[in-house]
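Below is one structure, written out as structure tokens; the observations come after it.
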Amino acid sequence: MQTFILAALLVMVFSLLAGRVQGALQEVLRRRPAALWLAPPLLTALFWSASLAADPAPSELLAIVFCYTAAPVACVWLAGAGPPDRPATLDFAAIALLWFPLEFPAGAARLIAKHAQGFLHSVAYGIAILLGLILFLGFRRIAGMKYRTPRTSGDLRNTLAGFALTAPVLAIVGIAIGFIPMPHAATAGPGKMAAAAAIIFCATALPEEILFRALIQNLIMQRFGETNRAFLAASVIFGAAHLDNGPQALPNWRYMILATIAGYAYGKVFQRSSSILASTGFHALVDFTKHFFF
């Protein structure tokens with residue numbers, strides 16, 4: 001049941017890459033904007049269903065999930081249906097309300113049994129990504145998100161060129177500052193590596209590219225212009241998001257340095273490509289390489 005729920009979330013997220021599905025969602029929200037308010041109860045019901053497959057969630061937690069999904073909806077509702085002339089302050093507020101509660105869950109984790117925390121955190125992460133797409137792709141119709149399938153073979157070249165140019169820099173800097181050890185041969189078998197590649201792509205690279213490139217970087221550049229300063233700001237935000245990640249002591253400044261460099265490279269590939277899948281593939285290649293070869 002847990003696998004089915006996670007797969008269903010992935011199917012919903014990936015289905016929005018299709019132009020017809022995006023168009024249908026946008027048309028529904030254009031004709032009936034109030035339908036946006038169906039998202040909080042429906043997503044809360046999805047979380048409740050997931051909790052039944054792991055550990056039944058108390059009513060207090062369901063109330064938190066409902067408030068979590070309703071708060072960013074309220075922000076974009078007040079900002080109005082898209083497409084906007086430029087991103088509003090409330091757009092950035094909505095992104096923060098989607099991101100920070102998952103990054104810093106505070107006391108919510110204590111309401112979940114320990115054995116269910118990993119699964120329900122994954123469900124919450126999937127719900128956040130799906131809601132973000134509904135809000136900004138469907139309702140606000142923010143330009144430049146590039147949440148679509150590639151339109152040119154140049155995207156693959158951008159992915160591979162980005163990795164070829166950036167991976168050596170990340171390796172040299174990472175070893176020099178003590179973040180990663182010297183490279184070694186992979187010890188896992190092909191099956192395990194293939195499964196890990198799919199998980200990294202779907203559960204790490206794509207969600208982070210949606211948040212940090214399609215939303216944060218894209219909105220910063222639409223608001224303040226496509227400048228190197230805007231690129232750098234988005235990269236530093238991405239880097240700072242890794243300060244609370246291990247394995248080193250927190251705040252993990254080593255991780256921030258590497259993530260800032262990587263974020264700048266991901267951002268360049270995102271800007272030069274027709275689809276978010278280009279920077280997602282690049283991101284996944286970097287994470288995969290670090291996981292198995294360092």
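Within each chain, counting starts at residue 1; across the structure tokens, chains are named A, B, ... in the order shown, with ligands numbered 1 upward in that order.
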
Write out, as a Markdown table, each residue of region 23-97 of chain A that has an atom at most 9 Å from region 123-146 of chain A, together with the closest pair of atoms and their distance in Å to one decimal, counting only C-alpha atoms, rows going by chain and rising number.
| residue | atom | partner | partner_atom | distance |
| --- | --- | --- | --- | --- |
| A:Gly23 | CA | A:Gly138 | CA | 8.1 |
| A:Ala24 | CA | A:Gly138 | CA | 8.8 |
| A:Leu25 | CA | A:Gly138 | CA | 5.7 |
| A:Gln26 | CA | A:Gly138 | CA | 4.6 |
| A:Glu27 | CA | A:Gly138 | CA | 8.3 |
| A:Val28 | CA | A:Gly138 | CA | 8.8 |
| A:Leu29 | CA | A:Phe139 | CA | 6.0 |
| A:Arg30 | CA | A:Phe139 | CA | 7.3 |
| A:Pro33 | CA | A:Phe139 | CA | 7.6 |
| A:Leu36 | CA | A:Phe139 | CA | 7.5 |
| A:Ala39 | CA | A:Leu131 | CA | 7.4 |
| A:Pro40 | CA | A:Leu131 | CA | 8.7 |
| A:Leu43 | CA | A:Ile127 | CA | 6.7 |
| A:Thr44 | CA | A:Ile127 | CA | 8.9 |
| A:Leu46 | CA | A:Ile127 | CA | 8.4 |
| A:Phe47 | CA | A:Val123 | CA | 6.8 |
| A:Ala50 | CA | A:Val123 | CA | 7.3 |
| A:Val65 | CA | A:Ala124 | CA | 8.5 |
| A:Thr69 | CA | A:Leu131 | CA | 7.6 |
| A:Pro72 | CA | A:Leu135 | CA | 8.2 |
| A:Val73 | CA | A:Leu135 | CA | 7.0 |
| A:Val76 | CA | A:Leu135 | CA | 6.9 |
| A:Trp77 | CA | A:Phe139 | CA | 8.6 |
| A:Ala79 | CA | A:Arg140 | CA | 8.3 |
| A:Gly80 | CA | A:Arg140 | CA | 7.1 |
| A:Ala81 | CA | A:Arg140 | CA | 5.0 |
| A:Gly82 | CA | A:Arg140 | CA | 3.9 |
| A:Pro83 | CA | A:Arg141 | CA | 4.9 |
| A:Pro84 | CA | A:Arg140 | CA | 6.9 |
| A:Arg86 | CA | A:Ile142 | CA | 8.4 |
| A:Pro87 | CA | A:Ile142 | CA | 7.6 |
| A:Asp91 | CA | A:Phe136 | CA | 8.4 |
| A:Ala94 | CA | A:Gly132 | CA | 8.7 |
| A:Ile95 | CA | A:Gly132 | CA | 7.7 |

Legend entry - Of the listed residues A:Glu103, A:Leu160, A:Leu98, A:Ile210, that which approaches His242 (chain A) most closely, counting only C-alpha atoms: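 Of A:Glu103, A:Leu160, A:Leu98, A:Ile210, the one nearest His242 (chain A) is A:Glu103, counting only C-alpha atoms.
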
Inset, instruction - From region 30-211 of chain A, collect each residue whose DSSP state is alpha helix (DSSP H) and return the set as number ranges by chain. - result: A: 30-31, 39-54, 59-79, 89-103, 114-133, 154-176, 190-199, 206-209

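Shortest atom-to-atom contact with Ala88 (chain A) among A:Met256, A:Met12, A:Cys75, A:Ala188: A:Cys75, counting only C-alpha atoms.
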
Legend entry - Between CA of Thr89 (chain A) and CA of Ala35 (chain A) - distance in Å to one decimal: 22.8 Å

Inset, instruction - Might you pull out every residue within 10 Å of Pro183 (chain A), with only C-alpha atoms counted and same-chain residues fewer than 4 positions away left off, and present them as a ChimeraX atom specification? - result: /A:171,175,289-290,292-294

Fewer than 5 positions away in the same chain doesn't count, so skip those; otherwise give me all residues within 12 Å of Leu61 (chain A), counting only C-alpha atoms, as a PDB file with C-alpha atoms, in the first residue's frame.
ATOM      1  CA  THR A  44      -5.072  16.265   3.558  1.00  0.00           C
ATOM      2  CA  ALA A  45      -7.288  13.279   2.759  1.00  0.00           C
ATOM      3  CA  PHE A  47      -2.072  12.223   3.699  1.00  0.00           C
ATOM      4  CA  TRP A  48      -4.653  10.637   6.005  1.00  0.00           C
ATOM      5  CA  SER A  51      -1.112   7.401   7.431  1.00  0.00           C
ATOM      6  CA  ASP A  55       0.345   4.512  11.433  1.00  0.00           C
ATOM      7  CA  PRO A  56      -3.031   6.292  11.819  1.00  0.00           C
ATOM      8  CA  PHE A  66      -4.624  21.015   6.364  1.00  0.00           C
ATOM      9  CA  CYS A  67      -3.204  24.341   7.596  1.00  0.00           C
ATOM     10  CA  TYR A  68       0.081  23.583   5.815  1.00  0.00           C
ATOM     11  CA  PRO A 105       9.160  20.336  10.872  1.00  0.00           C
ATOM     12  CA  GLY A 107       7.104  19.411  16.708  1.00  0.00           C
ATOM     13  CA  ALA A 108       5.089  17.748  13.955  1.00  0.00           C
ATOM     14  CA  ALA A 109       7.401  14.721  13.898  1.00  0.00           C
ATOM     15  CA  ARG A 110       6.529  13.872  17.501  1.00  0.00           C
ATOM     16  CA  LEU A 111       2.958  13.166  16.384  1.00  0.00           C
ATOM     17  CA  ILE A 112       4.140  10.395  14.040  1.00  0.00           C
ATOM     18  CA  ALA A 113       5.327   6.972  15.167  1.00  0.00           C
ATOM     19  CA  LEU A 120       5.003   9.980   5.789  1.00  0.00           C
ATOM     20  CA  ALA A 124       4.372  15.125   2.681  1.00  0.00           C
TER      21      ALA A 124
END

Inset, instruction - Would you mind listing what lies within 10 Å of Asp244 (chain A) as a list in words, with only C-alpha atoms counted and same-chain residues fewer than 5 positions away left out? - result: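 So the residues in contact are Glu103, Phe104, Ala249, Leu250, Pro251, Asn252, Trp253, Tyr255 and Met256 of chain A.
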
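Interatomic distance, CA of Trp99 (chain A) to CA of Ala74 (chain A): 15.4 Å.
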
Inset, instruction - Just the residues within 12 Å of Met1 (chain A), please, counting only C-alpha atoms, with nothing from its chain fewer than 4 positions along; format it as a ChimeraX atom specification. - result: /A:5-8,49-54,119

For C-alpha atoms, I'd like the residues from the last selection saved as a PDB file, in the first residue's frame.
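This is the output file result_19.pdb:
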ATOM      1  CA  ILE A   5       0.619   5.702  -2.573  1.00  0.00           C
ATOM      2  CA  LEU A   6       4.110   6.945  -3.424  1.00  0.00           C
ATOM      3  CA  ALA A   7       3.714   5.709  -6.997  1.00  0.00           C
ATOM      4  CA  ALA A   8       0.361   7.513  -7.287  1.00  0.00           C
ATOM      5  CA  SER A  49      -4.960   7.666   3.642  1.00  0.00           C
ATOM      6  CA  ALA A  50      -1.182   7.320   3.635  1.00  0.00           C
ATOM      7  CA  SER A  51      -1.112   7.401   7.431  1.00  0.00           C
ATOM      8  CA  LEU A  52      -3.570   4.498   7.546  1.00  0.00           C
ATOM      9  CA  ALA A  53      -1.047   2.453   5.587  1.00  0.00           C
ATOM     10  CA  ALA A  54       1.692   3.231   8.115  1.00  0.00           C
ATOM     11  CA  PHE A 119       7.297   7.146   4.689  1.00  0.00           C
TER      12      PHE A 119
END

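CA of Leu102 (chain A) to CA of Lys268 (chain A) spans 26.5 Å [interatomic distance, one decimal].
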
Legend entry - Using only C-alpha atoms: which of A:Met221, A:Ile177, A:Thr227, A:Thr166 has the shortest distance to Tyr266 (chain A): A:Thr166

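The shortest atom-to-atom distance to Ala262 (chain A), with only C-alpha atoms taken into account, belongs to A:Val169 out of A:Gly189, A:Ser274, A:Val169, A:Ser15.
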
Legend entry - Near-Ala233 (chain A) list (10 Å; only C-alpha atoms; drop same-chain fewer than 2 positions) as number ranges by chain: A: 216-217, 220-221, 227-231, 235-239, 260, 264
